[in-house]
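Asker: My structure is stored as protein.txt, with compact mmCIF, C-alpha atoms.
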```txt
# COMPACT_ATOMS: atom_id res chain seq x y z
CA MET E 1197 100.29 47.03 84.01
CA ILE E 1198 97.63 49.50 82.87
CA ARG E 1199 98.71 52.36 80.62
CA PHE E 1200 96.23 54.98 79.52
CA ALA E 1201 95.67 58.70 79.25
CA LEU E 1202 92.49 60.52 80.25
CA ALA E 1203 90.95 63.89 79.50
CA LEU E 1204 89.14 66.33 81.79
CA PRO E 1205 87.33 69.53 80.75
CA LEU E 1206 88.65 71.54 83.68
CA ALA E 1207 92.36 72.42 83.80
CA VAL E 1208 93.91 71.48 87.11
CA LEU E 1209 97.38 70.96 88.46
CA VAL E 1210 98.34 67.84 90.37
CA ALA E 1211 101.12 67.76 92.92
CA VAL E 1212 104.22 69.36 91.47
CA ALA E 1213 107.32 68.16 93.25
CA ALA E 1214 107.68 71.32 95.32
CA ALA E 1215 104.40 73.19 95.00
CA PRO E 1216 104.70 76.85 96.06
CA ALA E 1217 102.59 78.24 98.83
CA GLN E 1218 99.57 80.21 97.66
CA GLN E 1219 99.95 83.70 99.08
CA LYS E 1220 96.27 84.68 98.98
CA GLY E 1221 94.84 81.32 99.95
CA PRO E 1222 92.47 79.19 97.91
CA THR E 1223 89.23 80.27 96.30
CA VAL E 1224 86.55 78.76 98.54
CA PRO E 1225 82.94 78.39 97.36
CA ASP E 1226 79.97 78.90 99.66
CA THR E 1227 79.46 75.13 99.90
CA VAL E 1228 82.85 74.50 101.54
CA THR E 1229 84.35 75.31 104.93
CA PHE E 1230 88.10 75.92 104.78
CA GLU E 1231 90.24 76.12 107.91
CA ALA E 1232 94.00 76.67 107.95
CA GLY E 1233 96.62 76.17 110.64
CA ILE E 1234 95.11 73.37 112.72
CA GLU E 1235 97.86 71.88 114.91
CA TYR E 1236 97.85 68.09 114.82
CA THR E 1237 101.11 67.21 116.58
CA ASN E 1238 104.06 68.96 118.21
CA PRO E 1239 107.27 66.91 117.93
CA ASP E 1240 110.41 68.74 119.08
CA ASP E 1241 108.36 71.92 119.57
CA GLN E 1242 107.63 72.17 115.82
CA HIS E 1243 103.85 72.71 116.09
CA LEU E 1244 102.96 70.87 112.89
CA GLN E 1245 99.75 72.01 111.26
CA LEU E 1246 97.25 70.99 108.62
CA ASN E 1247 94.71 72.80 106.47
CA MET E 1248 91.24 71.31 106.09
CA ALA E 1249 88.38 71.69 103.61
CA ARG E 1250 85.02 70.04 104.24
CA PRO E 1251 81.45 70.24 102.99
CA LYS E 1252 79.26 72.78 104.79
CA ALA E 1253 76.07 70.81 104.32
CA GLY E 1254 75.36 67.48 105.96
CA ASP E 1255 76.64 65.67 109.01
CA GLY E 1256 78.42 62.91 107.12
CA PRO E 1257 80.33 61.03 108.17
CA PHE E 1258 82.34 61.90 105.07
CA PRO E 1259 85.24 60.04 103.48
CA CYS E 1260 88.59 61.73 104.09
CA VAL E 1261 91.76 62.18 102.04
CA LEU E 1262 95.13 63.30 103.39
CA PHE E 1263 97.35 65.13 100.87
CA ILE E 1264 101.13 65.07 101.50
CA HIS E 1265 103.26 67.66 99.71
CA GLY E 1266 106.49 66.96 97.85
CA GLY E 1267 109.78 68.81 97.76
CA GLY E 1268 112.56 66.25 98.02
CA PHE E 1269 111.94 65.65 101.75
CA ARG E 1270 113.65 69.01 102.42
CA ALA E 1271 111.26 71.63 101.04
CA GLY E 1272 107.67 72.20 99.96
CA LYS E 1273 104.62 73.51 101.79
CA ARG E 1274 101.22 72.07 102.54
CA GLU E 1275 99.54 75.15 101.04
CA GLY E 1276 100.40 73.88 97.56
CA TYR E 1277 97.44 71.53 97.90
CA ASP E 1278 94.96 74.09 99.27
CA GLN E 1279 92.96 74.48 96.07
CA GLN E 1280 92.84 70.76 95.45
CA ILE E 1281 91.49 69.98 98.91
CA VAL E 1282 88.77 72.56 98.30
CA ARG E 1283 87.84 70.76 95.08
CA MET E 1284 87.72 67.47 97.00
CA ALA E 1285 85.42 69.04 99.59
CA GLU E 1286 83.11 70.10 96.77
CA ARG E 1287 82.95 66.42 95.87
CA GLY E 1288 81.87 65.39 99.35
CA TYR E 1289 85.18 64.71 101.09
CA VAL E 1290 86.88 66.06 104.16
CA ALA E 1291 90.31 66.79 102.68
CA VAL E 1292 93.43 67.89 104.52
CA THR E 1293 96.96 68.88 103.61
CA ALA E 1294 99.60 68.53 106.31
CA SER E 1295 103.08 69.84 107.02
CA TYR E 1296 105.79 67.48 108.28
CA ARG E 1297 109.36 67.80 109.53
CA LEU E 1298 111.95 68.26 106.78
CA ALA E 1299 115.49 67.03 106.15
CA PRO E 1300 118.33 67.50 106.77
CA LYS E 1301 117.46 68.67 110.30
CA TYR E 1302 114.91 65.89 110.56
CA PRO E 1303 115.97 62.85 108.52
CA PHE E 1304 114.07 59.58 108.06
CA PRO E 1305 111.91 58.44 109.80
CA ALA E 1306 110.69 61.80 111.20
CA ALA E 1307 108.42 62.50 108.21
CA ILE E 1308 106.98 58.99 108.52
CA HIS E 1309 106.21 59.56 112.19
CA ASP E 1310 104.50 62.86 111.35
CA THR E 1311 102.29 61.59 108.54
CA LYS E 1312 101.22 58.64 110.67
CA ALA E 1313 100.44 61.08 113.48
CA ALA E 1314 98.26 63.02 111.02
CA VAL E 1315 96.20 59.92 110.21
CA ARG E 1316 95.81 59.10 113.90
CA TRP E 1317 94.74 62.70 114.58
CA LEU E 1318 92.08 62.47 111.87
CA ARG E 1319 90.65 59.37 113.54
CA ALA E 1320 90.82 60.90 117.00
CA ASN E 1321 88.92 63.96 115.73
CA ALA E 1322 86.59 62.12 113.38
CA LYS E 1323 83.42 62.98 115.27
CA LYS E 1324 84.27 66.69 115.50
CA TYR E 1325 84.91 67.04 111.77
CA HIS E 1326 82.31 64.49 110.56
CA ILE E 1327 84.94 62.08 109.20
CA ASP E 1328 84.29 58.39 108.68
CA PRO E 1329 87.36 56.83 110.37
CA GLU E 1330 86.98 53.70 108.24
CA ARG E 1331 87.24 55.65 104.99
CA ILE E 1332 90.56 57.52 105.07
CA GLY E 1333 92.75 57.62 101.97
CA VAL E 1334 96.08 59.29 101.27
CA THR E 1335 97.88 60.81 98.32
CA GLY E 1336 100.94 62.89 97.54
CA GLY E 1337 103.37 63.81 94.80
CA SER E 1338 107.06 62.92 94.54
CA ALA E 1339 108.42 62.83 98.12
CA GLY E 1340 104.80 63.14 99.21
CA GLY E 1341 103.96 60.14 97.04
CA HIS E 1342 106.66 58.17 98.81
CA LEU E 1343 105.30 59.14 102.24
CA ALA E 1344 101.75 58.30 101.16
CA GLN E 1345 102.87 54.93 99.85
CA PHE E 1346 104.81 54.24 103.05
CA LEU E 1347 101.61 54.76 105.02
CA ALA E 1348 99.88 52.28 102.73
CA VAL E 1349 102.42 49.48 103.25
CA THR E 1350 103.27 49.91 106.95
CA GLY E 1351 99.87 50.18 108.63
CA ASP E 1352 100.75 47.22 110.86
CA VAL E 1353 104.40 48.16 111.53
CA LYS E 1354 104.56 49.59 115.05
CA GLU E 1355 108.16 50.81 114.85
CA PHE E 1356 107.14 53.66 112.52
CA GLU E 1357 104.32 55.06 114.63
CA GLY E 1358 106.47 57.54 116.55
CA THR E 1359 105.23 59.48 119.57
CA GLY E 1360 103.13 62.14 117.87
CA GLY E 1361 99.97 61.64 119.87
CA ASN E 1362 96.75 59.61 119.81
CA PRO E 1363 98.54 56.26 120.19
CA GLU E 1364 95.23 54.47 120.68
CA GLN E 1365 94.32 55.22 117.05
CA SER E 1366 95.43 53.33 113.94
CA SER E 1367 97.52 54.92 111.17
CA LYS E 1368 96.16 52.52 108.54
CA VAL E 1369 94.73 53.98 105.34
CA LYS E 1370 92.11 52.39 103.11
CA CYS E 1371 93.79 53.26 99.80
CA VAL E 1372 96.54 55.38 98.28
CA VAL E 1373 97.12 57.38 95.11
CA ASN E 1374 100.88 57.64 94.65
CA VAL E 1375 101.81 60.40 92.17
CA TYR E 1376 105.36 59.78 90.88
CA GLY E 1377 106.72 58.76 94.28
CA PRO E 1378 109.88 56.61 94.51
CA SER E 1379 109.57 53.01 95.71
CA ASP E 1380 113.19 51.78 95.87
CA PHE E 1381 115.89 54.23 96.93
CA THR E 1382 118.65 51.68 96.34
CA LYS E 1383 118.02 52.00 92.60
CA SER E 1384 117.50 55.76 92.43
CA TYR E 1385 121.11 56.78 91.89
CA GLY E 1386 122.00 57.21 88.23
CA LYS E 1387 118.31 57.21 87.29
CA SER E 1388 117.39 60.53 88.89
CA VAL E 1389 118.84 63.97 88.25
CA ASP E 1390 118.87 64.87 91.94
CA ALA E 1391 118.95 61.61 93.94
CA ALA E 1392 122.64 62.01 94.78
CA GLU E 1393 121.89 65.42 96.27
CA VAL E 1394 118.55 64.71 97.95
CA LEU E 1395 118.74 61.19 99.36
CA PRO E 1396 121.86 61.57 101.55
CA LEU E 1397 120.14 64.46 103.35
CA PHE E 1398 117.06 62.34 104.05
CA LEU E 1399 118.80 59.03 104.75
CA GLY E 1400 121.98 60.09 106.55
CA GLY E 1401 124.43 59.30 103.78
CA ASN E 1402 124.70 57.99 100.25
CA LEU E 1403 123.99 54.40 99.24
CA GLU E 1404 127.47 53.21 100.14
CA ALA E 1405 127.43 54.82 103.59
CA ALA E 1406 123.77 54.24 104.50
CA ARG E 1407 122.52 51.26 102.49
CA ALA E 1408 120.46 49.92 105.39
CA ALA E 1409 118.55 53.20 105.65
CA HIS E 1410 117.93 53.22 101.88
CA ILE E 1411 116.36 49.78 102.13
CA LYS E 1412 114.38 50.51 105.28
CA ALA E 1413 112.95 53.73 103.83
CA SER E 1414 111.86 52.11 100.53
CA PRO E 1415 108.15 51.19 100.34
CA LEU E 1416 108.96 48.34 97.95
CA TYR E 1417 110.55 46.33 100.76
CA TRP E 1418 107.52 46.66 103.04
CA VAL E 1419 104.93 45.24 100.66
CA THR E 1420 102.78 42.51 102.21
CA PRO E 1421 99.27 41.21 101.53
CA ASN E 1422 98.09 43.73 104.13
CA ALA E 1423 99.08 46.73 102.00
CA ALA E 1424 96.33 49.15 100.99
CA PRO E 1425 94.95 49.20 97.42
CA THR E 1426 97.22 51.40 95.34
CA LEU E 1427 97.01 53.58 92.26
CA CYS E 1428 100.32 54.86 90.87
CA ILE E 1429 100.29 57.77 88.42
CA HIS E 1430 103.61 58.31 86.68
CA GLY E 1431 105.00 59.99 83.58
CA SER E 1432 106.99 57.87 81.16
CA GLU E 1433 109.68 60.57 80.83
CA ASP E 1434 110.17 61.42 84.51
CA LYS E 1435 113.80 62.47 85.06
CA TYR E 1436 113.51 62.79 88.85
CA VAL E 1437 111.78 59.52 89.71
CA ALA E 1438 112.12 56.91 86.98
CA HIS E 1439 108.89 55.40 85.68
CA GLU E 1440 110.23 51.94 86.46
CA GLN E 1441 109.92 52.72 90.18
CA ALA E 1442 106.12 52.60 89.78
CA VAL E 1443 106.29 49.44 87.66
CA TRP E 1444 108.28 47.59 90.34
CA LEU E 1445 105.87 48.65 93.06
CA VAL E 1446 102.72 47.69 91.20
CA ASP E 1447 104.19 44.35 90.18
CA LYS E 1448 105.19 43.52 93.76
CA LEU E 1449 101.81 44.57 95.16
CA ARG E 1450 100.02 42.39 92.64
CA ALA E 1451 102.31 39.48 93.47
CA ALA E 1452 101.13 39.90 97.08
CA ASN E 1453 97.49 39.84 95.90
CA VAL E 1454 97.01 43.54 96.62
CA GLU E 1455 94.89 45.56 94.21
CA ALA E 1456 97.27 47.82 92.28
CA GLU E 1457 97.01 49.89 89.12
CA LEU E 1458 99.43 52.03 87.14
CA VAL E 1459 98.37 55.00 85.05
CA THR E 1460 101.24 55.89 82.75
CA LEU E 1461 101.09 59.33 81.17
CA GLU E 1462 103.08 58.92 77.98
CA GLY E 1463 105.69 61.62 77.43
CA ALA E 1464 105.00 63.31 80.78
CA GLY E 1465 107.78 64.36 83.12
CA HIS E 1466 107.88 65.24 86.81
CA GLY E 1467 105.29 67.81 87.85
CA PHE E 1468 102.27 67.38 85.60
CA LYS E 1469 100.90 70.29 83.59
CA GLY E 1470 98.05 70.89 81.20
CA LYS E 1471 96.32 67.77 79.92
CA ASP E 1472 98.62 65.53 81.94
CA ALA E 1473 97.51 67.28 85.13
CA GLU E 1474 93.89 66.98 84.04
CA ALA E 1475 94.27 63.26 83.37
CA ALA E 1476 96.04 62.68 86.68
CA GLU E 1477 93.42 64.44 88.75
CA LYS E 1478 90.59 62.64 86.98
CA ALA E 1479 92.24 59.29 87.73
CA LEU E 1480 92.87 60.31 91.36
CA VAL E 1481 89.28 61.35 91.97
CA ALA E 1482 87.88 58.23 90.30
CA TYR E 1483 90.07 55.99 92.46
CA PHE E 1484 89.08 57.66 95.71
CA ASP E 1485 85.41 57.61 94.69
CA LYS E 1486 85.69 53.88 94.02
CA HIS E 1487 87.35 53.02 97.34
CA LEU E 1488 86.04 55.66 99.74
CA LYS E 1489 82.59 56.69 98.52
CA ALA E 1490 81.03 53.23 98.48
CA LYS E 1491 80.15 52.02 101.97
```
In structure tokens, how does this file's structure come out?
Answerer:
Amino acid sequence: MIRFALALPLAVLVAVAAAPAQQKGPTVPDTVTFEAGIEYTNPDDQHLQLNMARPKAGDGPFPCVLFIHGGGFRAGKREGYDQQIVRMAERGYVAVTASYRLAPKYPFPAAIHDTKAAVRWLRANAKKYHIDPERIGVTGGSAGGHLAQFLAVTGDVKEFEGTGGNPEQSSKVKCVVNVYGPSDFTKSYGKSVDAAEVLPLFLGGNLEAARAAHIKASPLYWVTPNAAPTLCIHGSEDKYVAHEQAVWLVDKLRAANVEAELVTLEGAGHGFKGKDAEAAEKALVAYFDKHLKAK
């Protein structure tokens, strides 16, 4: 396990658990094209949308990163990542942040189906938006980290694809940065301040009533040698998702001969701020540059 802290000269905020929508939209430099409200799938007449930032100059194809918001599977908005996807576009990425169906109206696996549909949509529209379909990564914080990690370990599992469109495309991702996302729901109770409230809404009952769903929805139990390279970023004092959840995941990935790293931010909780946010974003960017920039 790798534990280290990093520093970055520019203050940024990485993936709070339920990032608020930005009312005025992001600040967009002249070098970036930002487009909001692009519909990518329409399950149950929900018209799910994504926001996209991409470089203005050049035809690419560019590497792409999908950002998945947190919020306990029942809240949160894609707009919380708007400024970060703009920063990624400044670095030469096509970056998107997508909405997905929320619990309790839409329990597991609806959010899985939606995020996989988003990846398939990106591949289906790769030529239009100058995306390299072989260089798509994913990240998210908290519940979004879980959904990102689930994409990374179930690229070959057909039962989770859903019917959200573009079935001829793959939902595989090349790598993942999982920011304090849970890996094993069966061990969340008693270690999280809100698991007993949140998980029954997402999984159709508590651990006693819906144990099978808790296991099926846990990325830890889907790890195979085919999983995507993974970076976990987690605070040592996280009261919502215990740090050990990241340790278990990284250990199991490594046991399956999958590249996996853990950045532990000592003393950090859930929802990074200040220097912890700076360190997290620096690690995230470096990981995507390593896996998506090199052809």
Asker: Write out as number ranges by chain which residues come within 6 Å of E:Gly1337 when counting only C-alpha atoms, dropping same-chain ones fewer than 4 positions away.
Answerer: E: 1211, 1266, 1341, 1375-1376
Asker: Which residues come within 8 Å of E:Gly1361, counting only C-alpha atoms, excluding same-chain residues fewer than 6 positions away, as a PyMOL selection string?
Answerer: chain E and resi 1237+1313+1316-1317
Asker: Which is closer to E:Arg1297 than all the others in E:Met1248, E:Ala1473, E:Val1315, E:Asp1240, using all atoms listed in the file?
Answerer: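 Among the listed residues, the smallest separation from E:Arg1297 belongs to E:Asp1240.
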Asker: My list of candidates is E:Pro1225, E:Gly1268, E:Gly1386, E:Gly1360. Which is closest to E:Ile1308 when distances are computed with all atoms listed in the file?
Answerer: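 Closest candidate: E:Gly1360.
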Asker: Check which residues of stretch 1312-1412 of chain E sit at most 12 Å from stretch 1278-1286 of chain E using all atoms listed in the file, and return one row each with the closest pair of atoms and their distance in Å to one decimal, ordered by chain and rising number, as JSON lines.
Answerer:
```
{"residue": "E:Ile1327", "atom": "CA", "partner": "E:Ala1285", "partner_atom": "CA", "distance": 11.9}
{"residue": "E:Val1334", "atom": "CA", "partner": "E:Ile1281", "partner_atom": "CA", "distance": 11.9}
{"residue": "E:Thr1335", "atom": "CA", "partner": "E:Ile1281", "partner_atom": "CA", "distance": 11.2}
{"residue": "E:Gly1336", "atom": "CA", "partner": "E:Gln1280", "partner_atom": "CA", "distance": 11.5}
```
Asker: How many Å lie between atom CA of E:Ala1490 and atom CA of E:Phe1258, rounded to one decimal?
Answerer: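 Between atom CA of E:Ala1490 and atom CA of E:Phe1258 the gap is 11.0 Å.
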Asker: What's around E:Asp1390 at 9 Å? Count all atoms listed in the file, leave out sequence neighbours fewer than 5 positions away in its own chain, and write the answer as a list of chain:residue names.
Answerer: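 My reading of the contact set: E:Gly1268, E:Tyr1385, E:Leu1395, E:Lys1435, E:Tyr1436.
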Asker: Can you report as AutoDock Vina command-line options the centre and edge lengths in Å, to one decimal, of an axis-aligned box around the listed atoms of stretch 1232-1245 of chain E padded with 4 Å on each side?
Answerer:
```
--center_x 102.2 --center_y 71.8 --center_z 113.8 --size_x 24.4 --size_y 17.8 --size_z 19.6
```
Asker: From the set E:Ile1332, E:Leu1397, E:Ala1314, E:Ala1451, which residue has the shortest atom-to-atom contact distance to E:Asn1362, counting all atoms listed in the file?
Answerer: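 Ranking E:Ile1332, E:Leu1397, E:Ala1314, E:Ala1451 by distance to E:Asn1362, first place goes to E:Ala1314.
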Asker: Up to 9 Å from (102.3, 63.5, 104.2) in the file's coordinates: name the residues, counting all atoms listed in the file, as a list in words.
Answerer: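 The residues near that point, listed by chain and number, are Leu1262, Phe1263, Ile1264, His1265, Gly1266, Arg1274, Thr1293, Ala1294, Ser1295, Tyr1296, Ala1307, Ile1308, Asp1310, Thr1311, Lys1312, Ala1314, Val1334, Thr1335, Gly1336, Ala1339, Gly1340, Gly1341, His1342, Leu1343, Ala1344 and Leu1347 of chain E.
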Asker: Rebuild N, CA, C and O atoms on stretch 1268-1294 of chain E, as a PDB file, in the frame of the given file?
Answerer:
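So the final result, stored in rebuild-v6.pdb, reads:
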```pdb
ATOM      1  N   GLY E1268     111.293  66.916  97.764  1.00  0.00           N
ATOM      2  CA  GLY E1268     112.560  66.250  98.020  1.00  0.00           C
ATOM      3  C   GLY E1268     112.842  66.002  99.494  1.00  0.00           C
ATOM      4  O   GLY E1268     114.013  65.959  99.895  1.00  0.00           O
ATOM      5  N   PHE E1269     111.816  65.892 100.309  1.00  0.00           N
ATOM      6  CA  PHE E1269     111.940  65.650 101.750  1.00  0.00           C
ATOM      7  C   PHE E1269     112.599  66.814 102.500  1.00  0.00           C
ATOM      8  O   PHE E1269     112.790  66.741 103.702  1.00  0.00           O
ATOM      9  N   ARG E1270     112.922  67.887 101.796  1.00  0.00           N
ATOM     10  CA  ARG E1270     113.650  69.010 102.420  1.00  0.00           C
ATOM     11  C   ARG E1270     112.991  70.359 102.170  1.00  0.00           C
ATOM     12  O   ARG E1270     113.470  71.390 102.643  1.00  0.00           O
ATOM     13  N   ALA E1271     111.928  70.371 101.396  1.00  0.00           N
ATOM     14  CA  ALA E1271     111.260  71.630 101.040  1.00  0.00           C
ATOM     15  C   ALA E1271     109.785  71.337 100.782  1.00  0.00           C
ATOM     16  O   ALA E1271     109.299  70.250 101.047  1.00  0.00           O
ATOM     17  N   GLY E1272     109.085  72.344 100.248  1.00  0.00           N
ATOM     18  CA  GLY E1272     107.670  72.200  99.960  1.00  0.00           C
ATOM     19  C   GLY E1272     106.803  72.668 101.106  1.00  0.00           C
ATOM     20  O   GLY E1272     107.243  72.737 102.260  1.00  0.00           O
ATOM     21  N   LYS E1273     105.562  73.015 100.790  1.00  0.00           N
ATOM     22  CA  LYS E1273     104.620  73.510 101.790  1.00  0.00           C
ATOM     23  C   LYS E1273     103.249  72.881 101.563  1.00  0.00           C
ATOM     24  O   LYS E1273     102.845  72.634 100.432  1.00  0.00           O
ATOM     25  N   ARG E1274     102.536  72.684 102.647  1.00  0.00           N
ATOM     26  CA  ARG E1274     101.220  72.070 102.540  1.00  0.00           C
ATOM     27  C   ARG E1274     100.255  72.932 101.729  1.00  0.00           C
ATOM     28  O   ARG E1274      99.337  72.425 101.083  1.00  0.00           O
ATOM     29  N   GLU E1275     100.463  74.252 101.724  1.00  0.00           N
ATOM     30  CA  GLU E1275      99.540  75.150 101.040  1.00  0.00           C
ATOM     31  C   GLU E1275      99.462  74.891  99.532  1.00  0.00           C
ATOM     32  O   GLU E1275      98.500  75.314  98.876  1.00  0.00           O
ATOM     33  N   GLY E1276     100.456  74.203  98.977  1.00  0.00           N
ATOM     34  CA  GLY E1276     100.400  73.880  97.560  1.00  0.00           C
ATOM     35  C   GLY E1276      99.208  73.027  97.182  1.00  0.00           C
ATOM     36  O   GLY E1276      98.826  72.959  96.012  1.00  0.00           O
ATOM     37  N   TYR E1277      98.619  72.374  98.150  1.00  0.00           N
ATOM     38  CA  TYR E1277      97.440  71.530  97.900  1.00  0.00           C
ATOM     39  C   TYR E1277      96.133  72.198  98.318  1.00  0.00           C
ATOM     40  O   TYR E1277      95.071  71.566  98.249  1.00  0.00           O
ATOM     41  N   ASP E1278      96.162  73.447  98.750  1.00  0.00           N
ATOM     42  CA  ASP E1278      94.960  74.090  99.270  1.00  0.00           C
ATOM     43  C   ASP E1278      93.799  74.055  98.266  1.00  0.00           C
ATOM     44  O   ASP E1278      92.666  73.722  98.625  1.00  0.00           O
ATOM     45  N   GLN E1279      94.062  74.424  97.033  1.00  0.00           N
ATOM     46  CA  GLN E1279      92.960  74.480  96.070  1.00  0.00           C
ATOM     47  C   GLN E1279      92.424  73.093  95.758  1.00  0.00           C
ATOM     48  O   GLN E1279      91.211  72.904  95.565  1.00  0.00           O
ATOM     49  N   GLN E1280      93.309  72.110  95.755  1.00  0.00           N
ATOM     50  CA  GLN E1280      92.840  70.760  95.450  1.00  0.00           C
ATOM     51  C   GLN E1280      91.993  70.180  96.586  1.00  0.00           C
ATOM     52  O   GLN E1280      91.017  69.473  96.336  1.00  0.00           O
ATOM     53  N   ILE E1281      92.335  70.495  97.828  1.00  0.00           N
ATOM     54  CA  ILE E1281      91.490  69.980  98.910  1.00  0.00           C
ATOM     55  C   ILE E1281      90.127  70.657  98.904  1.00  0.00           C
ATOM     56  O   ILE E1281      89.121  70.037  99.279  1.00  0.00           O
ATOM     57  N   VAL E1282      90.070  71.893  98.455  1.00  0.00           N
ATOM     58  CA  VAL E1282      88.770  72.560  98.300  1.00  0.00           C
ATOM     59  C   VAL E1282      87.940  71.840  97.244  1.00  0.00           C
ATOM     60  O   VAL E1282      86.738  71.590  97.422  1.00  0.00           O
ATOM     61  N   ARG E1283      88.564  71.493  96.115  1.00  0.00           N
ATOM     62  CA  ARG E1283      87.840  70.760  95.080  1.00  0.00           C
ATOM     63  C   ARG E1283      87.340  69.414  95.604  1.00  0.00           C
ATOM     64  O   ARG E1283      86.239  68.969  95.267  1.00  0.00           O
ATOM     65  N   MET E1284      88.159  68.751  96.436  1.00  0.00           N
ATOM     66  CA  MET E1284      87.720  67.470  97.000  1.00  0.00           C
ATOM     67  C   MET E1284      86.535  67.675  97.951  1.00  0.00           C
ATOM     68  O   MET E1284      85.608  66.857  97.987  1.00  0.00           O
ATOM     69  N   ALA E1285      86.554  68.755  98.703  1.00  0.00           N
ATOM     70  CA  ALA E1285      85.420  69.040  99.590  1.00  0.00           C
ATOM     71  C   ALA E1285      84.142  69.272  98.798  1.00  0.00           C
ATOM     72  O   ALA E1285      83.048  68.869  99.212  1.00  0.00           O
ATOM     73  N   GLU E1286      84.270  69.917  97.636  1.00  0.00           N
ATOM     74  CA  GLU E1286      83.110  70.100  96.770  1.00  0.00           C
ATOM     75  C   GLU E1286      82.543  68.762  96.306  1.00  0.00           C
ATOM     76  O   GLU E1286      81.357  68.668  95.972  1.00  0.00           O
ATOM     77  N   ARG E1287      83.373  67.748  96.295  1.00  0.00           N
ATOM     78  CA  ARG E1287      82.950  66.420  95.870  1.00  0.00           C
ATOM     79  C   ARG E1287      82.479  65.548  97.037  1.00  0.00           C
ATOM     80  O   ARG E1287      82.235  64.361  96.867  1.00  0.00           O
ATOM     81  N   GLY E1288      82.407  66.124  98.224  1.00  0.00           N
ATOM     82  CA  GLY E1288      81.870  65.390  99.350  1.00  0.00           C
ATOM     83  C   GLY E1288      82.893  64.742 100.258  1.00  0.00           C
ATOM     84  O   GLY E1288      82.568  63.820 101.011  1.00  0.00           O
ATOM     85  N   TYR E1289      84.121  65.233 100.232  1.00  0.00           N
ATOM     86  CA  TYR E1289      85.180  64.710 101.090  1.00  0.00           C
ATOM     87  C   TYR E1289      85.560  65.728 102.153  1.00  0.00           C
ATOM     88  O   TYR E1289      85.444  66.940 101.941  1.00  0.00           O
ATOM     89  N   VAL E1290      86.049  65.238 103.286  1.00  0.00           N
ATOM     90  CA  VAL E1290      86.880  66.060 104.160  1.00  0.00           C
ATOM     91  C   VAL E1290      88.308  65.852 103.675  1.00  0.00           C
ATOM     92  O   VAL E1290      88.795  64.720 103.620  1.00  0.00           O
ATOM     93  N   ALA E1291      88.966  66.911 103.257  1.00  0.00           N
ATOM     94  CA  ALA E1291      90.310  66.790 102.680  1.00  0.00           C
ATOM     95  C   ALA E1291      91.276  67.679 103.457  1.00  0.00           C
ATOM     96  O   ALA E1291      90.935  68.826 103.797  1.00  0.00           O
ATOM     97  N   VAL E1292      92.440  67.153 103.741  1.00  0.00           N
ATOM     98  CA  VAL E1292      93.430  67.890 104.520  1.00  0.00           C
ATOM     99  C   VAL E1292      94.788  67.829 103.852  1.00  0.00           C
ATOM    100  O   VAL E1292      95.108  66.876 103.134  1.00  0.00           O
ATOM    101  N   THR E1293      95.583  68.844 104.077  1.00  0.00           N
ATOM    102  CA  THR E1293      96.960  68.880 103.610  1.00  0.00           C
ATOM    103  C   THR E1293      97.847  69.246 104.795  1.00  0.00           C
ATOM    104  O   THR E1293      97.590  70.242 105.482  1.00  0.00           O
ATOM    105  N   ALA E1294      98.848  68.416 105.060  1.00  0.00           N
ATOM    106  CA  ALA E1294      99.600  68.530 106.310  1.00  0.00           C
ATOM    107  C   ALA E1294     101.071  68.837 106.083  1.00  0.00           C
ATOM    108  O   ALA E1294     101.687  68.357 105.127  1.00  0.00           O
TER     109      ALA E1294
END
```
